[in-house]
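> So I've got this file, start_25.cif, and it contains mmCIF, C-alpha atoms and all ligand atoms:
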data_query
loop_
_atom_site.label_atom_id
_atom_site.label_comp_id
_atom_site.auth_asym_id
_atom_site.auth_seq_id
_atom_site.Cartn_x
_atom_site.Cartn_y
_atom_site.Cartn_z
CA MET S 1 47.40 25.66 -5.27
CA LYS S 2 46.84 21.99 -4.61
CA GLU S 3 43.29 20.79 -4.21
CA GLU S 4 42.56 18.56 -1.22
CA LEU S 5 40.82 15.27 -1.91
CA VAL S 6 39.50 12.68 0.51
CA PHE S 7 40.18 9.06 -0.42
CA PRO S 8 38.41 6.24 1.37
CA LYS S 9 40.93 4.00 3.01
CA VAL S 10 39.68 1.05 1.00
CA ILE S 11 42.52 1.83 -1.39
CA THR S 12 45.27 -0.53 -0.29
CA GLY S 13 48.91 0.33 -0.53
CA THR S 14 52.34 -0.35 0.87
CA HIS S 15 51.40 1.32 4.16
CA GLY S 16 47.97 -0.33 4.34
CA PRO S 17 46.83 -3.90 4.84
CA GLU S 18 48.72 -6.72 3.35
CA GLU S 19 45.76 -8.09 1.36
CA GLY S 20 43.94 -6.77 -1.71
CA ALA S 21 44.71 -6.46 -5.36
CA GLY S 22 46.23 -3.06 -4.82
CA ALA S 23 48.70 -4.19 -2.16
CA GLY S 24 52.14 -2.93 -2.88
CA THR S 25 51.01 0.10 -4.79
CA PRO S 26 52.70 3.14 -3.29
CA TRP S 27 50.59 5.90 -1.80
CA PRO S 28 51.37 9.47 -2.65
CA ASP S 29 54.18 10.73 -0.46
CA ASP S 30 52.03 12.89 1.75
CA VAL S 31 49.72 10.11 3.01
CA PRO S 32 50.48 9.21 6.63
CA PRO S 33 52.22 5.83 6.81
CA ASN S 34 50.10 4.52 9.67
CA GLN S 35 46.81 4.42 7.76
CA ASP S 36 45.16 1.06 8.06
CA ASP S 37 41.63 0.03 7.16
CA THR S 38 41.51 -2.55 9.92
CA TRP S 39 41.82 0.13 12.56
CA TYR S 40 38.88 1.02 14.81
CA PRO S 41 38.81 3.07 17.99
CA LEU S 42 38.86 0.14 20.42
CA ARG S 43 41.12 -2.19 18.47
CA ASP S 44 43.88 -2.00 21.04
CA ASP S 45 41.56 -2.40 24.02
CA PRO S 46 39.73 -5.76 23.69
CA TRP S 47 38.28 -5.54 27.19
CA ARG S 48 36.68 -2.18 26.50
CA ALA S 49 35.51 -3.45 23.08
CA ARG S 50 33.82 -6.34 24.84
CA GLN S 51 32.11 -3.94 27.23
CA VAL S 52 30.84 -1.92 24.32
CA GLU S 53 29.52 -5.09 22.70
CA VAL S 54 27.63 -5.92 25.88
CA LEU S 55 26.25 -2.37 26.02
CA ILE S 56 25.00 -2.69 22.43
CA ALA S 57 23.48 -6.08 23.23
CA LEU S 58 21.66 -4.55 26.21
CA LEU S 59 20.32 -1.71 24.07
CA TRP S 60 19.01 -4.18 21.54
CA GLY S 61 17.57 -6.19 24.39
CA VAL S 62 15.54 -3.08 25.21
CA THR S 63 14.41 -3.08 21.58
CA ALA S 64 13.24 -6.69 21.91
CA ILE S 65 11.43 -5.94 25.18
CA CYS S 66 9.70 -2.96 23.58
CA GLY S 67 8.69 -5.17 20.65
CA ILE S 68 7.22 -7.83 22.92
CA GLY S 69 5.49 -5.15 25.00
CA LEU S 70 4.07 -3.65 21.83
CA MET S 71 2.56 -6.97 20.82
CA ILE S 72 1.09 -7.54 24.29
CA VAL S 73 -0.44 -4.05 24.47
CA TYR S 74 -1.86 -4.39 20.98
CA TRP S 75 -3.20 -7.88 21.65
CA THR S 76 -4.92 -6.81 24.86
CA GLY S 77 -6.92 -4.06 23.25
CA GLY S 78 -4.32 -1.44 22.39
CA GLN S 79 -3.49 1.90 23.94
CA ALA S 80 -2.25 4.41 21.40
CA GLN S 81 0.03 6.45 23.69
CA LEU S 82 1.66 3.38 25.20
CA GLU S 83 2.13 1.81 21.79
CA GLY S 84 3.78 5.04 20.62
CA VAL S 85 6.15 5.08 23.60
CA LEU S 86 7.10 1.43 23.07
CA MET S 87 7.66 1.94 19.38
CA PHE S 88 9.79 5.01 20.04
CA GLY S 89 11.78 3.20 22.71
CA GLY S 90 12.38 0.20 20.46
CA PHE S 91 13.57 2.24 17.52
CA ALA S 92 15.66 4.57 19.69
CA ALA S 93 17.49 1.69 21.40
CA LEU S 94 18.05 -0.01 18.05
CA ALA S 95 19.44 3.19 16.54
CA ALA S 96 21.63 3.91 19.56
CA GLY S 97 23.16 0.43 19.34
CA LEU S 98 23.87 0.82 15.65
CA VAL S 99 25.48 4.23 16.16
CA ILE S 100 27.73 2.97 18.95
CA TRP S 101 28.70 -0.05 16.87
CA ALA S 102 29.55 2.14 13.91
CA ARG S 103 31.56 4.62 15.95
CA LYS S 104 33.46 2.26 18.22
CA LEU S 105 33.75 -1.12 16.57
CA VAL S 106 33.55 -0.71 12.83
CA PRO S 107 36.90 -0.16 11.10
CA GLY S 108 37.21 2.79 8.84
CA GLN S 109 38.98 6.06 8.54
CA GLU S 110 39.56 8.66 5.95
CA VAL S 111 42.85 9.21 4.22
CA THR S 112 43.57 12.63 2.91
CA ALA S 113 45.98 13.09 0.06
CA SER S 114 46.76 15.99 -2.12
CA ARG S 115 46.02 15.45 -5.73
CA GLY S 116 49.42 16.69 -6.94
CA GLU S 117 50.52 14.92 -10.03
CA HIS S 118 49.30 11.62 -8.74
CA THR S 119 46.84 9.68 -10.90
CA SER S 120 45.59 6.21 -10.26
CA ASP S 121 47.29 3.45 -12.16
CA PRO S 122 45.48 0.23 -13.16
CA ASP S 123 46.64 -1.63 -10.03
CA GLU S 124 45.26 1.04 -7.73
CA ARG S 125 41.97 1.05 -9.56
CA SER S 126 41.64 -2.69 -9.33
CA GLY S 127 42.52 -2.38 -5.63
CA VAL S 128 39.56 -0.07 -5.15
CA VAL S 129 37.28 -2.50 -6.96
CA THR S 130 38.51 -5.38 -4.82
CA SER S 131 37.95 -3.40 -1.66
CA LEU S 132 34.47 -2.37 -2.70
CA GLU S 133 33.58 -5.94 -3.60
CA ARG S 134 34.91 -7.09 -0.26
CA GLY S 135 32.49 -4.55 1.19
CA THR S 136 31.60 -4.54 4.84
CA ARG S 137 31.80 -8.29 5.29
CA PRO S 138 34.99 -8.37 7.35
CA MET S 139 33.89 -5.67 9.74
CA LEU S 140 30.57 -7.42 10.30
CA THR S 141 31.78 -10.99 10.55
CA ARG S 142 34.32 -9.87 13.15
CA ARG S 143 31.30 -9.08 15.33
CA GLY S 144 29.47 -12.38 14.88
CA PHE S 145 28.12 -12.25 18.44
CA LEU S 146 26.37 -8.93 17.86
CA LEU S 147 25.27 -9.71 14.36
CA LYS S 148 24.00 -13.28 14.61
CA LYS S 149 23.13 -13.71 18.26
CA VAL S 150 21.65 -10.30 18.97
CA LEU S 151 20.79 -8.15 15.98
CA VAL S 152 19.10 -10.80 13.83
CA PRO S 153 16.76 -12.19 16.55
CA VAL S 154 16.04 -8.73 17.97
CA GLY S 155 15.33 -7.39 14.50
CA GLY S 156 13.00 -10.33 13.93
CA VAL S 157 11.04 -9.74 17.14
CA PHE S 158 10.80 -5.99 16.67
CA GLY S 159 9.99 -6.34 12.99
CA LEU S 160 7.18 -8.73 13.85
CA ALA S 161 5.89 -6.31 16.47
CA THR S 162 5.77 -3.44 14.03
CA LEU S 163 3.93 -5.61 11.50
CA TRP S 164 1.48 -6.83 14.14
CA PRO S 165 -0.97 -3.92 13.68
CA LEU S 166 -1.60 -5.15 10.14
CA ALA S 167 -4.16 -7.38 11.84
CA SER S 168 -6.26 -4.22 12.25
CA LEU S 169 -6.84 -4.19 8.53
CA GLY S 170 -9.40 -6.94 9.12
CA SER S 171 -10.08 -10.10 7.23
CA ARG S 172 -9.30 -10.49 3.55
CA PRO S 173 -12.10 -9.21 1.34
CA ASP S 174 -11.91 -12.28 -0.92
CA ARG S 175 -14.88 -12.24 -3.31
CA ALA S 176 -16.84 -9.74 -1.25
CA LEU S 177 -15.54 -6.87 -3.39
CA PHE S 178 -17.10 -8.45 -6.46
CA HIS S 179 -20.60 -8.62 -4.99
CA THR S 180 -23.18 -6.53 -3.21
CA LYS S 181 -26.09 -7.61 -1.02
CA TRP S 182 -28.47 -7.97 -3.91
CA TYR S 183 -29.75 -11.53 -4.40
CA PRO S 184 -32.41 -13.13 -6.62
CA GLY S 185 -35.84 -12.17 -5.29
CA ALA S 186 -34.63 -9.29 -3.08
CA ARG S 187 -37.32 -6.61 -2.95
CA LEU S 188 -36.33 -3.05 -3.76
CA VAL S 189 -36.91 -0.90 -0.68
CA THR S 190 -36.52 2.80 -0.02
CA GLU S 191 -34.05 4.30 2.44
CA ASP S 192 -36.64 3.85 5.20
CA GLY S 193 -37.18 0.19 4.30
CA ARG S 194 -40.49 0.52 2.42
CA PRO S 195 -40.85 -1.96 -0.48
CA ILE S 196 -41.88 -0.40 -3.77
CA ARG S 197 -44.17 -1.48 -6.57
CA VAL S 198 -43.92 -0.72 -10.27
CA ASP S 199 -46.55 2.01 -10.06
CA ASP S 200 -44.83 3.74 -7.11
CA ILE S 201 -42.46 5.41 -9.57
CA VAL S 202 -44.08 7.83 -11.95
CA VAL S 203 -42.80 8.24 -15.50
CA ASP S 204 -39.56 10.24 -15.40
CA GLY S 205 -39.40 9.61 -11.66
CA GLU S 206 -36.34 8.35 -9.84
CA LEU S 207 -35.79 6.71 -6.46
CA THR S 208 -32.84 5.46 -4.42
CA VAL S 209 -33.30 1.85 -3.37
CA PHE S 210 -31.56 -0.89 -1.38
CA PRO S 211 -32.03 -4.65 -1.13
CA GLU S 212 -34.61 -5.49 1.54
CA GLY S 213 -32.86 -6.01 4.85
CA PHE S 214 -29.70 -4.13 3.82
CA ILE S 215 -30.60 -0.46 3.83
CA GLU S 216 -27.32 0.31 5.60
CA ASP S 217 -25.17 -1.20 2.87
CA ALA S 218 -23.93 1.78 0.84
CA MET S 219 -22.29 -0.36 -1.84
CA SER S 220 -25.68 -1.88 -2.69
CA ALA S 221 -27.35 1.48 -3.26
CA ALA S 222 -29.11 1.67 -6.61
CA VAL S 223 -31.12 4.26 -8.41
CA VAL S 224 -34.34 3.07 -10.03
CA ILE S 225 -35.79 5.17 -12.84
CA ASN S 226 -39.02 5.09 -14.82
CA ILE S 227 -37.94 5.90 -18.38
CA GLY S 228 -41.53 5.67 -19.62
CA THR S 229 -41.84 4.50 -23.19
CA ASP S 230 -38.25 5.35 -24.08
CA LYS S 231 -36.13 2.47 -25.24
CA MET S 232 -32.81 1.80 -23.66
CA GLN S 233 -29.95 0.84 -25.89
CA SER S 234 -28.70 -2.41 -24.46
CA ARG S 235 -25.18 -3.69 -24.11
CA THR S 236 -23.70 -7.06 -23.24
CA VAL S 237 -21.76 -7.35 -20.00
CA ASN S 238 -20.04 -10.50 -18.75
CA GLY S 239 -22.21 -12.54 -21.10
CA PHE S 240 -25.46 -10.86 -20.02
CA ASN S 241 -27.47 -8.83 -22.47
CA GLN S 242 -29.00 -5.98 -20.52
CA ALA S 243 -31.96 -5.73 -22.87
CA GLY S 244 -33.98 -7.93 -20.53
CA PHE S 245 -33.23 -5.96 -17.40
CA GLU S 246 -36.02 -3.48 -17.89
CA VAL S 247 -39.47 -4.16 -16.45
CA GLY S 248 -42.88 -2.57 -16.58
CA SER S 249 -45.54 -2.35 -19.21
CA GLY S 250 -47.56 0.35 -20.94
CA PRO S 251 -46.11 3.74 -20.09
CA ASN S 252 -43.81 2.32 -17.43
CA GLY S 253 -40.29 1.24 -18.25
CA ILE S 254 -38.36 0.65 -15.06
CA VAL S 255 -34.57 0.32 -14.98
CA ALA S 256 -32.09 0.33 -12.11
CA PHE S 257 -28.37 1.12 -11.92
CA SER S 258 -25.73 1.22 -9.24
CA LYS S 259 -25.63 4.54 -7.45
CA ILE S 260 -21.85 4.30 -6.86
CA CYS S 261 -19.92 6.42 -9.34
CA THR S 262 -17.39 4.41 -11.33
CA HIS S 263 -14.88 7.25 -11.12
CA ALA S 264 -14.18 7.59 -7.40
CA GLY S 265 -17.20 6.14 -5.66
CA CYS S 266 -19.37 9.17 -4.87
CA PRO S 267 -23.14 8.63 -4.89
CA VAL S 268 -24.54 9.56 -8.29
CA SER S 269 -27.32 11.69 -6.94
CA LEU S 270 -28.37 14.13 -9.66
CA PHE S 271 -30.98 13.19 -12.25
CA ASN S 272 -31.54 15.34 -15.32
CA VAL S 273 -34.91 14.27 -16.64
CA LEU S 274 -34.69 16.34 -19.83
CA SER S 275 -31.52 14.68 -21.05
CA MET S 276 -32.18 11.41 -19.21
CA GLN S 277 -28.81 11.57 -17.54
CA LEU S 278 -27.46 10.73 -14.11
CA ILE S 279 -24.77 13.11 -12.88
CA CYS S 280 -22.20 12.62 -10.18
CA PRO S 281 -21.81 15.80 -8.11
CA CYS S 282 -18.18 15.13 -7.21
CA HIS S 283 -16.50 15.60 -10.61
CA GLN S 284 -19.51 15.88 -12.89
CA SER S 285 -19.28 12.49 -14.56
CA THR S 286 -22.44 12.18 -16.60
CA PHE S 287 -24.10 8.89 -17.48
CA ASP S 288 -26.59 8.50 -20.31
CA ILE S 289 -29.39 6.32 -19.00
CA LEU S 290 -30.71 5.43 -22.45
CA LYS S 291 -27.23 4.22 -23.41
CA SER S 292 -27.12 1.76 -20.51
CA CYS S 293 -25.62 4.49 -18.33
CA GLU S 294 -22.47 4.89 -20.38
CA PRO S 295 -20.36 7.86 -19.29
CA VAL S 296 -20.70 10.70 -21.78
CA PHE S 297 -18.86 13.39 -19.84
CA GLY S 298 -16.39 13.64 -17.01
CA PRO S 299 -13.63 11.41 -15.66
CA ALA S 300 -15.59 8.17 -15.23
CA SER S 301 -14.63 5.66 -17.88
CA ARG S 302 -17.01 2.82 -17.09
CA PRO S 303 -20.81 2.64 -17.22
CA LEU S 304 -22.82 2.34 -14.04
CA PRO S 305 -23.54 -1.38 -13.55
CA GLN S 306 -27.15 -2.28 -14.15
CA LEU S 307 -29.34 -4.22 -11.72
CA PRO S 308 -31.56 -6.85 -13.41
CA LEU S 309 -35.18 -6.31 -12.33
CA GLY S 310 -38.30 -8.42 -12.08
CA VAL S 311 -41.84 -7.93 -10.79
CA ARG S 312 -43.54 -10.21 -8.29
CA PRO S 313 -47.15 -11.25 -8.90
CA ASP S 314 -48.16 -8.84 -6.12
CA GLY S 315 -46.52 -5.98 -8.03
CA TYR S 316 -43.40 -5.51 -5.92
CA LEU S 317 -40.16 -4.81 -7.74
CA ILE S 318 -37.40 -7.34 -7.12
CA ALA S 319 -33.86 -7.95 -8.31
CA THR S 320 -33.39 -11.13 -10.30
CA ARG S 321 -29.69 -11.26 -9.39
CA ASP S 322 -26.77 -9.11 -8.23
CA PHE S 323 -25.34 -6.39 -10.49
CA VAL S 324 -23.87 -8.03 -13.59
CA GLU S 325 -20.48 -6.42 -12.93
CA PRO S 326 -18.73 -5.13 -9.81
CA VAL S 327 -19.80 -1.70 -8.62
CA GLY S 328 -17.53 1.20 -7.85
CA PRO S 329 -14.42 2.79 -9.23
CA GLY S 330 -10.91 2.21 -10.50
CA PHE S 331 -9.87 -1.27 -9.56
CA TRP S 332 -12.69 -2.86 -11.49
CA ASN S 333 -11.61 -1.26 -14.73
CA ARG S 334 -8.73 -3.69 -14.72
CA GLY S 335 -10.75 -6.89 -14.85
CA SER S 336 -13.86 -8.79 -13.95
CA GLU S 337 -14.44 -11.51 -11.41
CA PRO S 338 -11.72 -14.21 -11.49
S1 LIG C 401 -16.60 10.41 -8.13
FE1 LIG C 401 -18.08 10.69 -9.61
S2 LIG C 401 -17.15 11.91 -11.05
FE2 LIG C 401 -15.62 11.61 -9.62
#
The structure given in the file should be rewritten as structure tokens.


Amino acid sequence: MKEELVFPKVITGTHGPEEGAGAGTPWPDDVPPNQDDTWYPLRDDPWRARQVEVLIALLWGVTAICGIGLMIVYWTGGQAQLEGVLMFGGFAALAAGLVIWARKLVPGQEVTASRGEHTSDPDERSGVVTSLERGTRPMLTRRGFLLKKVLVPVGGVFGLATLWPLASLGSRPDRALFHTKWYPGARLVTEDGRPIRVDDIVVDGELTVFPEGFIEDAMSAAVVINIGTDKMQSRTVNGFNQAGFEVGSGPNGIVAFSKICTHAGCPVSLFNVLSMQLICPCHQSTFDILKSCEPVFGPASRPLPQLPLGVRPDGYLIATRDFVEPVGPGFWNRGSEP
């Protein structure tokens, strides 16, 4: 039994178009002689083809109107339902136009031939290659009005409209991601805005603090700890040796670190005084305070950034500068401030 195969009509032959490297190559005997890859449903009715072109242009006009409407609605404050309707209308009209174009005006048909004993010879194969390389250019350039005068400008307007909401992403973060609200001389205050002194934190005590005036800024949250007479192993970060970041005298050794976990940004809110470790409750990353808050367990791969501290003559704790490295997760593992 012969197996039926479907050949695209791009294969040229004696019954097909006159051009192409495969012209002149005979088709198998059972291929209808009237196959022609320039044929399309309205080829013999130019008036009707013109009407269809106008219909497509009108549909894409609807797309452009929807795009402009979308921009106006968005610009004037936005209304989610209306924006959805306009976006749907724009895409639907665009798709309808493309479908009609493809079905009525684009040449193309399938040629069915039985496999039989027929095998492609080199000329046929090179004919296929030529046809593929020629691609869809002829069928598109034949519709220059639709392509250049309608589709390209309409696509531009509607594309712009759909990109318009990117403005909602806000202004570029620029260097803001590299810094927090800490500044030289900023007093450390509690969550209710109360400034703290060195002796407000007992040995082995811990407190969440913010820069004065910025208690709402979560990225600036720091945890300040009195490690007593323990010595913290220092490390050098971005040219700063953290050995000098500890303050206090006698039994008080005060250090402060970012409270934002370097794994995924949860607040590091658990303090194990026996092991002198800070623990993130989200995925249990554990930071060894006496090792400059290096991670010793869990998925975090970067230490908690340390906040350099100082003491004012009146005893209030202050920051001497911002964290020496960016706070938070992931992205910062790939580099420091440019
Ligand atoms: S966010 Fe802290 S361990 Fe995952």

> Mind running chain S against ligand LIG 401 (chain C) at 9 Å and telling me each contacting residue's nearest atom pair with the distance in Å (one decimal), counting only C-alpha atoms and all ligand atoms, chain and number ascending, as JSON lines?


{"residue": "S:Ile260", "atom": "CA", "partner": "C:LIG401", "partner_atom": "FE1", "distance": 7.9}
{"residue": "S:Cys261", "atom": "CA", "partner": "C:LIG401", "partner_atom": "FE1", "distance": 4.7}
{"residue": "S:Thr262", "atom": "CA", "partner": "C:LIG401", "partner_atom": "FE1", "distance": 6.5}
{"residue": "S:His263", "atom": "CA", "partner": "C:LIG401", "partner_atom": "FE2", "distance": 4.7}
{"residue": "S:Ala264", "atom": "CA", "partner": "C:LIG401", "partner_atom": "S1", "distance": 3.8}
{"residue": "S:Gly265", "atom": "CA", "partner": "C:LIG401", "partner_atom": "S1", "distance": 5.0}
{"residue": "S:Cys266", "atom": "CA", "partner": "C:LIG401", "partner_atom": "S1", "distance": 4.5}
{"residue": "S:Pro267", "atom": "CA", "partner": "C:LIG401", "partner_atom": "FE1", "distance": 7.2}
{"residue": "S:Val268", "atom": "CA", "partner": "C:LIG401", "partner_atom": "FE1", "distance": 6.7}
{"residue": "S:Ile279", "atom": "CA", "partner": "C:LIG401", "partner_atom": "FE1", "distance": 7.8}
{"residue": "S:Cys280", "atom": "CA", "partner": "C:LIG401", "partner_atom": "FE1", "distance": 4.6}
{"residue": "S:Pro281", "atom": "CA", "partner": "C:LIG401", "partner_atom": "FE1", "distance": 6.5}
{"residue": "S:Cys282", "atom": "CA", "partner": "C:LIG401", "partner_atom": "FE2", "distance": 5.0}
{"residue": "S:His283", "atom": "CA", "partner": "C:LIG401", "partner_atom": "S2", "distance": 3.8}
{"residue": "S:Gln284", "atom": "CA", "partner": "C:LIG401", "partner_atom": "S2", "distance": 5.0}
{"residue": "S:Ser285", "atom": "CA", "partner": "C:LIG401", "partner_atom": "S2", "distance": 4.1}
{"residue": "S:Thr286", "atom": "CA", "partner": "C:LIG401", "partner_atom": "S2", "distance": 7.7}
{"residue": "S:Gly298", "atom": "CA", "partner": "C:LIG401", "partner_atom": "S2", "distance": 6.3}
{"residue": "S:Pro299", "atom": "CA", "partner": "C:LIG401", "partner_atom": "S2", "distance": 5.8}
{"residue": "S:Ala300", "atom": "CA", "partner": "C:LIG401", "partner_atom": "S2", "distance": 5.8}
{"residue": "S:Pro329", "atom": "CA", "partner": "C:LIG401", "partner_atom": "S1", "distance": 8.0}

> Using C-alpha atoms, can you write the selected residues to a file as a PDB file, in the frame of the given file?


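Everything below was put into part-v4.pdb:
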ATOM      1  CA  ILE S 260     -21.850   4.300  -6.860  1.00  0.00           C
ATOM      2  CA  CYS S 261     -19.920   6.420  -9.340  1.00  0.00           C
ATOM      3  CA  THR S 262     -17.390   4.410 -11.330  1.00  0.00           C
ATOM      4  CA  HIS S 263     -14.880   7.250 -11.120  1.00  0.00           C
ATOM      5  CA  ALA S 264     -14.180   7.590  -7.400  1.00  0.00           C
ATOM      6  CA  GLY S 265     -17.200   6.140  -5.660  1.00  0.00           C
ATOM      7  CA  CYS S 266     -19.370   9.170  -4.870  1.00  0.00           C
ATOM      8  CA  PRO S 267     -23.140   8.630  -4.890  1.00  0.00           C
ATOM      9  CA  VAL S 268     -24.540   9.560  -8.290  1.00  0.00           C
ATOM     10  CA  ILE S 279     -24.770  13.110 -12.880  1.00  0.00           C
ATOM     11  CA  CYS S 280     -22.200  12.620 -10.180  1.00  0.00           C
ATOM     12  CA  PRO S 281     -21.810  15.800  -8.110  1.00  0.00           C
ATOM     13  CA  CYS S 282     -18.180  15.130  -7.210  1.00  0.00           C
ATOM     14  CA  HIS S 283     -16.500  15.600 -10.610  1.00  0.00           C
ATOM     15  CA  GLN S 284     -19.510  15.880 -12.890  1.00  0.00           C
ATOM     16  CA  SER S 285     -19.280  12.490 -14.560  1.00  0.00           C
ATOM     17  CA  THR S 286     -22.440  12.180 -16.600  1.00  0.00           C
ATOM     18  CA  GLY S 298     -16.390  13.640 -17.010  1.00  0.00           C
ATOM     19  CA  PRO S 299     -13.630  11.410 -15.660  1.00  0.00           C
ATOM     20  CA  ALA S 300     -15.590   8.170 -15.230  1.00  0.00           C
ATOM     21  CA  PRO S 329     -14.420   2.790  -9.230  1.00  0.00           C
TER      22      PRO S 329
END

> List the spatial neighbours of region 97-104 of chain S as a compact mmCIF listing (two decimals) with C-alpha atoms, in the coordinates of the input - criterion: any atom at most 6 Å away, all atoms listed in the file, same-chain residues fewer than 6 positions off excluded.


# COMPACT_ATOMS: atom_id res chain seq x y z
CA PRO S 41 38.81 3.07 17.99
CA ILE S 56 25.00 -2.69 22.43
CA LEU S 59 20.32 -1.71 24.07

> When distances are computed from all atoms listed in the file, which of S:Val189, S:Pro195, S:Asn226, S:Trp47 shows the smallest separation from Phe214 (chain S)?

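Looking at the shortest contact to Phe214 (chain S), the residue is S:Val189.
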
> Report, in Å to a single decimal, how far apart CA of Leu304 (chain S) and CA of Ile215 (chain S) are.

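So the two atoms, CA of Ile215 (chain S) and CA of Leu304 (chain S), lie 19.7 Å apart.
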
> Dump as a list in words all residues having an atom at most 9 Å from (-26.9, -7.6, -7.7), computed in the file's coordinates with all atoms listed in the file.

His179, Thr180, Lys181, Trp182, Tyr183, Pro184, Pro211, Ser220, Gln306, Leu307, Pro308, Ala319, Thr320, Arg321, Asp322, Phe323, Val324, Glu325 and Pro326 of chain S

> Rounded to one decimal place, report the CA of Phe158 (chain S)-CA of Trp75 (chain S) distance in Å.

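Going from CA of Phe158 (chain S) over to CA of Trp75 (chain S) covers 15.0 Å.
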
> Taking into account all atoms listed in the file, which residue in the set S:Leu58, S:Ile225, S:Leu188, S:Ala161 is nearest to Glu212 (chain S)?

S:Leu188

> Take CA of Val247 (chain S) and CA of Arg302 (chain S) and report the distance between them in Å, one decimal.

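Computing it gives 23.5 Å between the two atoms.
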
> Using all atoms listed in the file for the distances, tell me which of S:Gln51, S:Thr162, S:Ser292, S:Gln277 is nearest to Glu83 (chain S).

S:Thr162

> List the neighbours of Leu317 (chain S) out to 7 Å using all atoms listed in the file; skip same-chain residues closer than 6 positions along the sequence, and give me the result as an mmCIF file with C-alpha atoms, in the coordinates of the input.


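Writing done, so here's result-v4.cif:
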data_model
loop_
_atom_site.group_PDB
_atom_site.id
_atom_site.type_symbol
_atom_site.label_atom_id
_atom_site.label_comp_id
_atom_site.auth_asym_id
_atom_site.auth_seq_id
_atom_site.Cartn_x
_atom_site.Cartn_y
_atom_site.Cartn_z
ATOM 1 C CA ARG S 187 -37.320 -6.610 -2.950
ATOM 2 C CA LEU S 188 -36.330 -3.050 -3.760
ATOM 3 C CA ILE S 196 -41.880 -0.400 -3.770
ATOM 4 C CA ARG S 197 -44.170 -1.480 -6.570
ATOM 5 C CA VAL S 198 -43.920 -0.720 -10.270
ATOM 6 C CA LEU S 309 -35.180 -6.310 -12.330
ATOM 7 C CA GLY S 310 -38.300 -8.420 -12.080
ATOM 8 C CA VAL S 311 -41.840 -7.930 -10.790
#

> Which residue, S:Val154, S:Asp199, S:Met276, S:Glu294, has the smallest gap to Ile68 (chain S) when you use all atoms listed in the file?

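Comparing S:Val154, S:Asp199, S:Met276, S:Glu294 against Ile68 (chain S), the winner is S:Val154.
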
> Would you pick out the contacts of Val157 (chain S) at 12 Å or less, using all atoms listed in the file, so that residues sharing its chain but fewer than 6 positions from it are not included, and give the list as a PyMOL selection string?

chain S and resi 60-71+90+150-151+163-164
